[in-house]
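Next comes data.cif, with mmCIF, C-alpha atoms.
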```cif
data_entry
loop_
_atom_site.label_atom_id
_atom_site.label_comp_id
_atom_site.auth_asym_id
_atom_site.auth_seq_id
_atom_site.Cartn_x
_atom_site.Cartn_y
_atom_site.Cartn_z
CA MET A 1 31.16 -17.75 15.73
CA PRO A 2 30.05 -14.22 16.66
CA ILE A 3 26.69 -13.02 15.30
CA LEU A 4 28.01 -9.49 15.03
CA GLN A 5 31.63 -8.95 14.12
CA ALA A 6 33.17 -5.50 13.75
CA THR A 7 36.74 -5.26 12.48
CA GLY A 8 38.93 -2.15 12.48
CA LEU A 9 35.87 0.00 13.14
CA SER A 10 36.54 3.72 13.61
CA HIS A 11 34.70 6.97 13.14
CA SER A 12 35.84 10.57 12.90
CA TYR A 13 33.74 13.72 12.83
CA GLY A 14 35.98 15.87 10.64
CA SER A 15 39.37 15.89 12.32
CA PHE A 16 37.97 14.68 15.66
CA GLN A 17 38.31 10.93 16.12
CA ALA A 18 35.29 9.83 18.16
CA LEU A 19 36.09 6.15 17.89
CA ALA A 20 39.60 4.72 17.52
CA PRO A 21 40.00 1.56 15.37
CA THR A 22 38.14 -1.13 17.28
CA ASP A 23 37.40 -4.83 17.00
CA LEU A 24 34.24 -6.09 18.64
CA ALA A 25 32.42 -9.42 18.58
CA LEU A 26 28.96 -10.14 19.98
CA ASN A 27 28.16 -13.79 20.60
CA ALA A 28 24.83 -15.58 20.63
CA GLY A 29 23.25 -15.86 24.07
CA GLU A 30 25.46 -13.18 25.60
CA ILE A 31 24.76 -9.75 26.99
CA SER A 32 27.63 -7.31 26.64
CA VAL A 33 27.48 -4.08 28.59
CA LEU A 34 29.14 -0.96 27.25
CA GLU A 35 30.22 1.59 29.83
CA GLY A 36 31.94 4.92 29.57
CA PRO A 37 31.67 8.56 30.55
CA ASN A 38 29.63 11.08 28.56
CA GLY A 39 31.22 11.86 25.23
CA SER A 40 33.38 8.75 25.26
CA GLY A 41 31.98 7.51 21.93
CA LYS A 42 29.30 5.03 23.09
CA SER A 43 26.53 6.43 20.92
CA THR A 44 28.89 6.76 17.95
CA LEU A 45 29.80 3.08 18.32
CA MET A 46 26.11 2.15 18.59
CA LEU A 47 25.20 4.21 15.52
CA CYS A 48 28.03 2.63 13.51
CA LEU A 49 27.03 -0.89 14.55
CA SER A 50 23.38 -0.19 13.70
CA GLY A 51 24.25 0.99 10.17
CA LEU A 52 22.95 4.50 10.78
CA LEU A 53 26.41 6.07 10.74
CA ARG A 54 28.89 4.89 8.17
CA PRO A 55 32.23 4.17 9.87
CA THR A 56 35.31 5.97 8.62
CA THR A 57 37.16 2.65 8.54
CA GLY A 58 36.34 -0.97 9.19
CA GLU A 59 33.77 -3.59 8.40
CA ILE A 60 30.70 -4.90 10.20
CA HIS A 61 29.19 -8.31 9.59
CA VAL A 62 25.82 -9.27 11.05
CA ASN A 63 24.85 -12.92 10.87
CA GLY A 64 27.53 -13.38 8.21
CA ARG A 65 26.28 -10.50 6.04
CA ASP A 66 28.16 -7.30 5.37
CA LEU A 67 26.13 -4.47 6.91
CA TYR A 68 26.73 -2.14 3.98
CA ALA A 69 27.14 -4.49 1.02
CA ASP A 70 24.12 -6.63 1.96
CA GLU A 71 22.19 -4.09 3.99
CA PRO A 72 18.57 -5.40 3.92
CA GLU A 73 19.60 -8.96 4.85
CA ALA A 74 22.00 -7.78 7.58
CA LYS A 75 19.34 -5.47 9.04
CA ARG A 76 16.81 -8.29 9.10
CA ALA A 77 18.89 -9.79 11.93
CA LEU A 78 19.66 -6.49 13.67
CA ALA A 79 17.49 -4.45 16.02
CA PHE A 80 18.55 -1.09 17.42
CA MET A 81 16.92 0.97 20.13
CA PRO A 82 18.40 4.47 20.28
CA ASP A 83 18.56 6.55 23.48
CA VAL A 84 15.78 8.75 22.06
CA PRO A 85 13.33 6.64 20.06
CA ARG A 86 12.06 8.30 16.89
CA PHE A 87 8.41 8.12 15.84
CA TYR A 88 6.34 9.08 12.85
CA ALA A 89 4.00 11.97 13.59
CA GLU A 90 1.31 10.32 11.45
CA LEU A 91 1.19 6.87 13.09
CA THR A 92 -0.18 5.74 16.44
CA ALA A 93 1.76 3.32 18.65
CA TRP A 94 -0.30 0.42 17.30
CA GLU A 95 0.24 1.52 13.71
CA HIS A 96 3.98 1.82 14.31
CA LEU A 97 4.09 -1.78 15.51
CA ARG A 98 2.02 -2.91 12.53
CA PHE A 99 4.28 -0.97 10.17
CA LEU A 100 7.36 -2.71 11.59
CA ALA A 101 5.74 -6.15 11.55
CA LEU A 102 4.86 -5.67 7.88
CA ALA A 103 8.31 -4.27 7.10
CA HIS A 104 9.94 -7.36 8.63
CA ASN A 105 7.45 -9.68 6.96
CA VAL A 106 6.04 -11.04 10.23
CA ALA A 107 2.46 -9.78 9.89
CA GLU A 108 0.95 -13.19 10.62
CA GLY A 109 -0.33 -13.29 14.20
CA PHE A 110 0.58 -9.63 14.62
CA GLU A 111 -2.52 -8.60 16.58
CA ALA A 112 -2.05 -11.21 19.31
CA ARG A 113 1.68 -10.54 19.64
CA ALA A 114 1.25 -6.76 19.70
CA GLU A 115 -1.54 -6.94 22.28
CA ALA A 116 0.52 -9.21 24.55
CA LEU A 117 3.55 -6.91 24.34
CA LEU A 118 1.56 -3.71 24.86
CA ARG A 119 -0.20 -5.20 27.90
CA GLU A 120 3.07 -6.53 29.32
CA PHE A 121 4.68 -3.08 29.07
CA ASP A 122 1.53 -1.32 30.28
CA LEU A 123 0.96 0.57 27.01
CA TRP A 124 -2.24 -1.16 25.91
CA GLU A 125 -4.53 1.70 26.95
CA ALA A 126 -2.32 4.17 25.08
CA ARG A 127 -2.02 2.11 21.89
CA ASP A 128 -4.13 4.50 19.80
CA LEU A 129 -2.26 7.61 20.87
CA LEU A 130 0.32 9.30 18.69
CA PRO A 131 3.67 8.61 20.39
CA HIS A 132 4.54 12.31 20.69
CA HIS A 133 1.87 12.37 23.41
CA TYR A 134 3.84 9.74 25.35
CA SER A 135 6.02 10.47 28.37
CA ARG A 136 9.75 9.77 28.04
CA GLY A 137 9.43 6.48 29.92
CA MET A 138 6.54 5.35 27.70
CA SER A 139 8.53 6.32 24.61
CA LEU A 140 11.44 4.16 25.75
CA LYS A 141 9.14 1.20 26.37
CA LEU A 142 7.57 1.63 22.94
CA GLY A 143 11.05 1.87 21.45
CA LEU A 144 11.87 -1.50 22.98
CA LEU A 145 8.63 -2.98 21.61
CA PHE A 146 9.73 -1.88 18.12
CA ALA A 147 12.54 -4.41 18.52
CA LEU A 148 10.48 -7.11 20.24
CA ILE A 149 7.64 -7.14 17.69
CA ARG A 150 9.88 -8.80 15.12
CA PRO A 151 12.61 -11.46 15.12
CA PHE A 152 16.28 -10.49 15.44
CA LYS A 153 19.62 -12.03 16.35
CA VAL A 154 21.44 -8.92 17.54
CA LEU A 155 19.93 -6.26 19.78
CA LEU A 156 21.68 -2.92 20.33
CA LEU A 157 20.33 -0.81 23.18
CA ASP A 158 21.54 2.72 23.86
CA GLU A 159 20.75 3.74 27.45
CA PRO A 160 17.36 2.02 27.39
CA THR A 161 16.46 2.48 31.08
CA SER A 162 17.42 6.13 31.49
CA ALA A 163 13.82 7.19 32.20
CA LEU A 164 12.19 3.95 33.33
CA ASP A 165 10.60 3.48 36.76
CA GLY A 166 11.61 0.58 39.04
CA ASP A 167 8.93 -1.86 37.86
CA SER A 168 9.63 -1.16 34.20
CA THR A 169 13.37 -1.60 34.74
CA ARG A 170 12.80 -4.98 36.43
CA LEU A 171 10.52 -6.02 33.56
CA PHE A 172 13.19 -4.89 31.14
CA ILE A 173 15.89 -6.93 32.95
CA ARG A 174 13.66 -10.02 32.93
CA ARG A 175 12.97 -9.57 29.22
CA LEU A 176 16.65 -9.22 28.37
CA SER A 177 17.44 -12.38 30.35
CA GLU A 178 14.80 -14.24 28.33
CA LEU A 179 16.28 -12.93 25.09
CA ARG A 180 19.71 -14.15 26.17
CA GLY A 181 18.17 -17.57 26.83
CA GLN A 182 16.69 -17.54 23.34
CA GLY A 183 20.15 -17.00 21.83
CA ALA A 184 20.14 -13.28 21.06
CA ALA A 185 23.37 -11.29 21.19
CA VAL A 186 22.78 -8.05 23.11
CA LEU A 187 24.94 -4.95 23.41
CA LEU A 188 23.71 -2.62 26.11
CA SER A 189 25.08 0.86 26.63
CA THR A 190 24.24 2.09 30.12
CA HIS A 191 25.26 4.15 33.13
CA ASP A 192 23.07 2.02 35.43
CA PRO A 193 25.24 -0.21 37.70
CA ASP A 194 22.24 -2.46 38.50
CA LEU A 195 21.93 -3.42 34.85
CA LYS A 196 25.61 -4.29 34.70
CA ILE A 197 25.42 -6.43 37.84
CA GLY A 198 22.15 -8.08 36.85
CA LEU A 199 22.83 -8.78 33.21
CA ALA A 200 26.42 -8.48 32.00
CA ASP A 201 28.25 -11.50 30.60
CA ARG A 202 30.96 -9.18 29.30
CA VAL A 203 31.73 -5.58 30.08
CA TYR A 204 33.42 -3.16 27.71
CA PHE A 205 34.72 0.20 28.77
CA LEU A 206 34.98 3.05 26.30
CA LYS A 207 36.98 6.18 27.04
CA ASN A 208 38.15 8.84 24.60
CA GLY A 209 37.13 6.57 21.75
CA LEU A 210 39.23 3.61 22.94
CA LEU A 211 37.39 0.37 23.67
CA ASN A 212 38.73 -2.05 26.27
CA ALA A 213 37.34 -5.19 27.83
CA ALA A 214 36.82 -4.41 31.51
CA MET B 215 -5.25 -15.35 2.10
CA ARG B 216 -4.87 -11.67 1.24
CA PRO B 217 -1.28 -10.53 0.64
CA SER B 218 0.11 -8.19 3.32
CA PRO B 219 0.09 -4.52 2.34
CA ASP B 220 3.41 -2.88 1.57
CA PRO B 221 4.44 -0.82 4.65
CA VAL B 222 6.13 1.78 2.43
CA TRP B 223 2.86 2.56 0.68
CA ILE B 224 0.97 2.59 3.99
CA LEU B 225 3.39 5.28 5.13
CA PHE B 226 3.09 7.08 1.80
CA ARG B 227 -0.73 7.19 2.07
CA ARG B 228 -0.68 8.36 5.70
CA ARG B 229 1.89 11.05 4.98
CA SER B 230 0.07 12.27 1.84
CA PHE B 231 -3.22 12.37 3.74
CA SER B 232 -1.54 14.26 6.56
CA ARG B 233 -0.20 16.89 4.13
CA LEU B 234 -3.56 17.16 2.39
CA ALA B 235 -5.32 17.53 5.75
CA TYR B 236 -2.89 20.28 6.71
CA TRP B 237 -3.50 22.31 3.55
CA CYS B 238 -7.26 21.76 3.75
CA LEU B 239 -7.15 23.05 7.33
CA VAL B 240 -5.19 26.11 6.18
CA LEU B 241 -7.90 26.73 3.56
CA GLY B 242 -10.69 26.26 6.11
CA PHE B 243 -11.78 22.62 5.99
CA ASP B 244 -11.12 19.89 8.55
CA LEU B 245 -10.74 16.58 6.68
CA ARG B 246 -10.83 14.60 9.94
CA ASP B 247 -14.28 15.88 10.94
CA ARG B 248 -16.71 13.18 9.67
CA SER B 249 -19.94 14.89 10.79
CA LEU B 250 -22.87 15.39 8.39
CA ASN B 251 -22.64 19.17 8.78
CA ASN B 252 -19.02 19.05 7.69
CA ARG B 253 -19.97 17.05 4.59
CA PHE B 254 -22.46 19.75 3.56
CA TYR B 255 -19.82 22.34 4.29
CA PHE B 256 -17.43 20.40 2.02
CA VAL B 257 -19.72 21.10 -0.98
CA TYR B 258 -19.63 24.83 -0.19
CA PHE B 259 -15.85 24.66 0.41
CA CYS B 260 -15.22 23.06 -3.00
CA ALA B 261 -17.55 25.47 -4.82
CA PHE B 262 -15.98 28.49 -3.13
CA TRP B 263 -12.38 27.54 -3.89
CA PHE B 264 -13.24 26.42 -7.42
CA ALA B 265 -14.80 29.84 -8.13
CA TRP B 266 -11.85 31.57 -6.44
CA VAL B 267 -9.25 29.67 -8.46
CA VAL B 268 -11.08 30.30 -11.75
CA ALA B 269 -11.47 34.02 -10.95
CA VAL B 270 -7.84 34.49 -9.92
CA PHE B 271 -6.44 32.54 -12.87
CA ALA B 272 -8.75 34.40 -15.27
CA LEU B 273 -7.51 37.69 -13.82
CA LEU B 274 -3.86 36.67 -14.10
CA GLY B 275 -4.49 35.15 -17.55
CA SER B 276 -6.06 38.41 -18.66
CA ALA B 277 -3.01 40.39 -17.54
CA LEU B 278 -0.71 37.90 -19.26
CA SER B 279 -2.70 37.97 -22.53
CA GLY B 280 -2.55 41.79 -22.45
CA TYR B 281 1.21 41.51 -22.20
CA PHE B 282 1.36 38.98 -25.06
CA GLU B 283 -0.72 41.27 -27.29
CA SER B 284 1.59 44.18 -26.57
CA LEU B 285 4.47 42.21 -28.09
CA PRO B 286 4.88 42.88 -31.81
CA VAL B 287 4.46 40.17 -34.48
CA VAL B 288 4.92 36.99 -32.37
CA SER B 289 1.73 34.98 -31.73
CA PRO B 290 0.70 34.31 -28.10
CA LEU B 291 0.81 30.54 -28.76
CA ALA B 292 4.45 30.73 -29.91
CA ILE B 293 5.33 32.75 -26.80
CA VAL B 294 3.63 30.24 -24.49
CA VAL B 295 5.36 27.28 -26.14
CA SER B 296 8.78 28.98 -25.94
CA LEU B 297 8.22 30.15 -22.37
CA GLY B 298 7.03 26.67 -21.31
CA ALA B 299 10.07 25.02 -22.89
CA PHE B 300 12.38 27.58 -21.26
CA ILE B 301 10.86 27.09 -17.79
CA LEU B 302 11.06 23.29 -18.10
CA ALA B 303 14.68 23.45 -19.25
CA ALA B 304 15.66 25.91 -16.49
CA TRP B 305 13.92 23.83 -13.85
CA GLY B 306 15.58 20.64 -15.18
CA LEU B 307 19.02 22.26 -15.07
CA ALA B 308 18.42 23.59 -11.55
CA GLN B 309 17.43 20.09 -10.40
CA LEU B 310 20.47 18.60 -12.11
CA TRP B 311 22.73 21.11 -10.34
CA GLN B 312 21.09 20.36 -7.00
CA GLY B 313 21.42 16.62 -7.69
CA THR B 314 25.19 16.92 -7.98
CA GLY B 315 25.36 18.12 -4.36
CA ARG B 316 23.07 15.74 -2.51
CA SER B 317 20.85 12.70 -2.83
CA PRO B 318 17.53 13.38 -4.56
CA PHE B 319 15.84 11.55 -1.68
CA VAL B 320 15.66 13.29 1.68
CA PHE B 321 14.85 11.12 4.69
CA SER B 322 13.62 12.43 8.02
CA GLU B 323 14.99 11.21 11.37
CA PRO B 324 12.08 8.78 11.89
CA ASP B 325 12.69 7.49 8.35
CA ALA B 326 16.34 6.85 9.21
CA TYR B 327 15.54 5.02 12.46
CA LEU B 328 12.46 3.10 11.33
CA LEU B 329 12.15 2.80 7.57
CA CYS B 330 15.84 2.62 6.64
CA GLN B 331 16.50 0.09 9.42
CA ALA B 332 13.90 -2.30 8.02
CA PRO B 333 14.41 -4.70 5.13
CA VAL B 334 11.69 -3.06 3.01
CA SER B 335 11.83 -2.95 -0.76
CA ARG B 336 14.30 -0.21 -1.72
CA ARG B 337 12.47 0.13 -5.05
CA SER B 338 9.18 0.92 -3.28
CA VAL B 339 10.94 3.49 -1.09
CA GLY B 340 12.52 5.18 -4.12
CA LEU B 341 9.23 5.31 -6.00
CA ALA B 342 7.18 6.54 -3.01
CA TRP B 343 9.71 9.27 -2.15
CA PHE B 344 9.91 10.32 -5.78
CA LEU B 345 6.12 10.76 -5.92
CA MET B 346 5.92 12.42 -2.50
CA ASP B 347 8.61 15.00 -3.19
CA TRP B 348 7.59 15.78 -6.71
CA PHE B 349 3.89 16.24 -6.06
CA GLY B 350 4.39 19.84 -4.94
CA THR B 351 6.45 20.58 -8.05
CA ALA B 352 3.82 18.98 -10.28
CA LEU B 353 1.18 21.20 -8.68
CA LEU B 354 3.22 24.31 -9.49
CA PHE B 355 3.63 23.20 -13.11
CA ALA B 356 -0.10 22.46 -13.31
CA ALA B 357 -0.86 25.97 -12.04
CA GLY B 358 1.49 27.42 -14.65
CA ALA B 359 -0.15 25.38 -17.40
CA VAL B 360 -3.63 26.58 -16.36
CA LEU B 361 -2.39 30.18 -16.29
CA PHE B 362 -0.96 29.93 -19.81
CA SER B 363 -4.09 28.18 -21.04
CA PHE B 364 -6.32 30.93 -19.61
CA ALA B 365 -4.06 33.60 -21.14
CA LEU B 366 -4.33 31.94 -24.56
CA THR B 367 -8.12 31.73 -24.18
CA GLU B 368 -8.28 35.44 -23.36
CA ALA B 369 -6.05 36.26 -26.32
CA ALA B 370 -8.26 34.23 -28.65
CA LEU B 371 -11.50 35.95 -27.59
CA PRO B 372 -12.65 38.60 -30.08
CA HIS B 373 -13.92 40.87 -27.26
CA ALA B 374 -13.49 41.40 -23.51
CA ALA B 375 -14.34 38.23 -21.57
CA THR B 376 -17.76 37.95 -19.91
CA PHE B 377 -19.38 35.30 -17.72
CA TRP B 378 -20.77 33.63 -20.87
CA ASN B 379 -17.24 32.94 -22.10
CA LEU B 380 -16.58 30.72 -19.08
CA PRO B 381 -16.95 27.40 -21.02
CA ALA B 382 -14.19 28.53 -23.39
CA TYR B 383 -11.68 28.50 -20.50
CA PHE B 384 -12.33 24.82 -19.84
CA ALA B 385 -12.62 23.78 -23.49
CA ARG B 386 -9.02 24.69 -24.27
#
```

In C-alpha cells, write the structure found in this file.
Amino acid sequence: MPILQATGLSHSYGSFQALAPTDLALNAGEISVLEGPNGSGKSTLMLCLSGLLRPTTGEIHVNGRDLYADEPEAKRALAFMPDVPRFYAELTAWEHLRFLALAHNVAEGFEARAEALLREFDLWEARDLLPHHYSRGMSLKLGLLFALIRPFKVLLLDEPTSALDGDSTRLFIRRLSELRGQGAAVLLSTHDPDLKIGLADRVYFLKNGLLNAA
Amino acid sequence: MRPSPDPVWILFRRRSFSRLAYWCLVLGFDLRDRSLNNRFYFVYFCAFWFAWVVAVFALLGSALSGYFESLPVVSPLAIVVSLGAFILAAWGLAQLWQGTGRSPFVFSEPDAYLLCQAPVSRRSVGLAWFLMDWFGTALLFAAGAVLFSFALTEAALPHAATFWNLPAYFAR
C-alpha cells in the first residue's frame, strides 16, 4: 500500500490550470523522480502534496491519514524541503533544529543527533549563525537537515541539489539511498540527470500540468 | 525528567524579545549588550524615557482637560467614559469587519514552512499569535487610558499643575 496517495489532484491559479487532475502514489522504499521543464507545475504539485497549497480538487492521504482532515497526524509522517528553504530571522541553525525536534516530539537525544548531522553536512562550525548569513548551498543543506532531524515516512524534495557542490551532492545521494533502505518514500523534483540515473526507481514527467510515468 | 518546552512558546519568546530589542534600539538602548557600562546606562535610559513619557502625557492631558472644561455642563468624567466606550465599540466593529475578510491570524512564510508543517498544538499557536498580534493594540489602548487619566487629574486640580502635583497623576 502506498504511503502517500493522491487522487484526482489538481490546482488552478484563477482560470489557469497549473496541474491537471492527477493520481500519484509513493511507495515505501522507493525514490520517485519528478522531471519537467520550468513552469510545468512541479513546484505546484510539491506544494499541494506538502499541504502548503490546498488543491482545487482531489484528496491526499499520508500514511492513511487525510492531509487536510487529519493534518497534524498526516504531517507527522511528511517532510518537505522546498527549493528555497525558509528560516526564522530570530533563530540560529542549531535553534531551528531544536525547534523542529521539539515540534515533532523527538527532543530526547537531540544534541547528539544534531551534532552528528551538522558535522556530516559540514555545518557544525556555522551552527550558531543565523541562517540568513548562510550561502545558498549551506541553506539547502540546512533545509535537508530540517527533514533529517526528525522521523518521517514521506520525503518531498524540490530541486534540492540546485546549488550544491560535487561533494555535497554525492553525500546527498548517499543519504537518500540510505533513506530508501530504511523504507522512506521519496519524491524528488530535479533537473539534474545524475540524480535521476543514480537514484530513480520511478520517473514521472510533468508538462503543462499533465503528469505521466516516463 | 523535565518536560520538553513547547516550541511554539519558545518561538513566541524569541520573537517578542526580538521586537522589544528593535524598539529599544530605536529609542537608544541595545538590549543585547550585556556589559556593565550598558547596565548603568539602562538606569539612565529608563529614567529619561519615564520622565519624557510623563511630561508628554501631562502636556497632552492638559490640552485635553482644557478642551473638556470648554464644553458646557457635561463633566469631564462623563466625557471620558463616553469617549472610551465609543472608541472601544468603533475598534471592535472595525476588527469585526476586518475579520470577515481574512483570518485573524497572519502567518509569515517561515511560519508556513516550519511551524504549520509541524504537528504542534494548534491551541498553543492560536493563543501565542493572539497575544503577539494584540500586544501592539493593547499598548495603544494603555496609552489612551493614561492620557484620559492625566486629563481627568488636570481637570480635578483646583489650580494650574506644578511639580508638587506629580503624585496625583499616579494616584488616579

Decode the PyMOL selection byres ((chain B and resi 290) around 9) for the given file into explicit residues and return them as a short mmCIF file (atom, residue, chain, number, x, y, z; two decimals) with C-alpha atoms, in the frame of the given file.
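What landed in expr_36.cif:
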```cif
data_model
loop_
_atom_site.label_atom_id
_atom_site.label_comp_id
_atom_site.auth_asym_id
_atom_site.auth_seq_id
_atom_site.Cartn_x
_atom_site.Cartn_y
_atom_site.Cartn_z
CA SER B 279 -2.70 37.97 -22.53
CA PHE B 282 1.36 38.98 -25.06
CA GLU B 283 -0.72 41.27 -27.29
CA LEU B 285 4.47 42.21 -28.09
CA VAL B 288 4.92 36.99 -32.37
CA SER B 289 1.73 34.98 -31.73
CA LEU B 291 0.81 30.54 -28.76
CA ALA B 292 4.45 30.73 -29.91
CA ILE B 293 5.33 32.75 -26.80
CA VAL B 294 3.63 30.24 -24.49
CA VAL B 295 5.36 27.28 -26.14
CA ALA B 365 -4.06 33.60 -21.14
CA LEU B 366 -4.33 31.94 -24.56
CA ALA B 369 -6.05 36.26 -26.32
CA ALA B 370 -8.26 34.23 -28.65
#
```

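Excluding B:Gly242 itself and any same-chain residue fewer than 6 positions from it, the protein and nucleic acid residues within 10 Å of it, counting all atoms listed in the file, are B:Tyr236, B:Phe256, B:Phe259.
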
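Minimum atom-to-atom distances from A:Asp194, A:Glu73, A:Asp158, A:Asp165 to chain B were compared using all atoms listed in the file, and the lowest value belongs to A:Glu73.
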
Taking 5 positions as the minimum chain separation for residues in the same chain, which residues sit within 12 Å of B:Pro381 when counting only C-alpha atoms? Answer as a PyMOL selection string. chain B and resi 268+364+367+375-376+386

Counting all atoms listed in the file, which of A:Val106, A:Ala6, A:Leu187, A:Ala93 gets nearest to A:Pro131? A:Ala93

Do you have, as a tab-separated table, the list of residues of chain B lying at most 7 Å from chain A, each with its nearest atom pair and that distance in Å to one decimal, counting only C-alpha atoms and ordered by chain then number?
```
residue	atom	partner	partner_atom	distance
B:Pro221	CA	A:Phe99	CA	5.5
B:Arg228	CA	A:Glu90	CA	6.4
B:Arg229	CA	A:Glu90	CA	6.5
B:Ser232	CA	A:Glu90	CA	6.9
B:Glu323	CA	A:Arg86	CA	6.9
B:Pro324	CA	A:Arg86	CA	5.0
B:Tyr327	CA	A:Arg86	CA	6.5
B:Gln331	CA	A:Lys75	CA	6.3
B:Ala332	CA	A:Ala103	CA	6.0
B:Pro333	CA	A:Pro72	CA	4.4
B:Val334	CA	A:Ala103	CA	5.4
```

How big is the axis-aligned box, and where does its centre sit, when it encloses all atoms of stretch 186-198 of chain A listed in the file and has 6 Å added on every side, reported in Å to one decimal as lines of an AutoDock Vina configuration file?
```
center_x = 23.8
center_y = -2.0
center_z = 30.8
size_x = 15.7
size_y = 24.2
size_z = 27.4
```

Taking the file as I've supplied it (selection: the PyMOL selection byres ((chain B and resi 345-356) around 9)), which residues are included? Please answer as a compact mmCIF listing (two decimals) with C-alpha atoms, in the frame of the given file.
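Once written, result_34.txt looks like this:
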```txt
# COMPACT_ATOMS: atom_id res chain seq x y z
CA PHE B 226 3.09 7.08 1.80
CA ARG B 229 1.89 11.05 4.98
CA SER B 230 0.07 12.27 1.84
CA LEU B 302 11.06 23.29 -18.10
CA PHE B 319 15.84 11.55 -1.68
CA VAL B 320 15.66 13.29 1.68
CA GLY B 340 12.52 5.18 -4.12
CA LEU B 341 9.23 5.31 -6.00
CA ALA B 342 7.18 6.54 -3.01
CA TRP B 343 9.71 9.27 -2.15
CA PHE B 344 9.91 10.32 -5.78
CA ALA B 357 -0.86 25.97 -12.04
CA GLY B 358 1.49 27.42 -14.65
CA ALA B 359 -0.15 25.38 -17.40
CA VAL B 360 -3.63 26.58 -16.36
CA LEU B 361 -2.39 30.18 -16.29
```

Please identify all polymer residues within 10 Å of A:Ser168, counting only C-alpha atoms, omitting same-chain residues fewer than 2 positions from it, and present them as a ChimeraX atom specification. /A:120-122,137-138,141,161,163-166,170-174

Using only C-alpha atoms, which of A:Ser40, A:His61, A:Gln5, A:Ser189 sits nearest A:Leu156? A:Ser189

One decimal place gives the atom CA of B:Ala265-atom CA of B:Gly298 separation as 25.7 Å

Grab the atom CA of A:Leu142 to atom CA of A:Leu118 distance for me, in Å with one decimal place. 8.3 Å

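Atom pair atom CA of A:Phe110 / atom CA of B:Asp325 has a distance of 21.9 Å (rounded to one decimal).
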
Selection in question (the file shown): the PyMOL selection byres ((chain A and resi 22-37) around 9). Which residues does it include, as a PyMOL selection string? chain A and resi 1-10+19-21+38-42+58+153-154+176-177+179-191+195-196+199-211
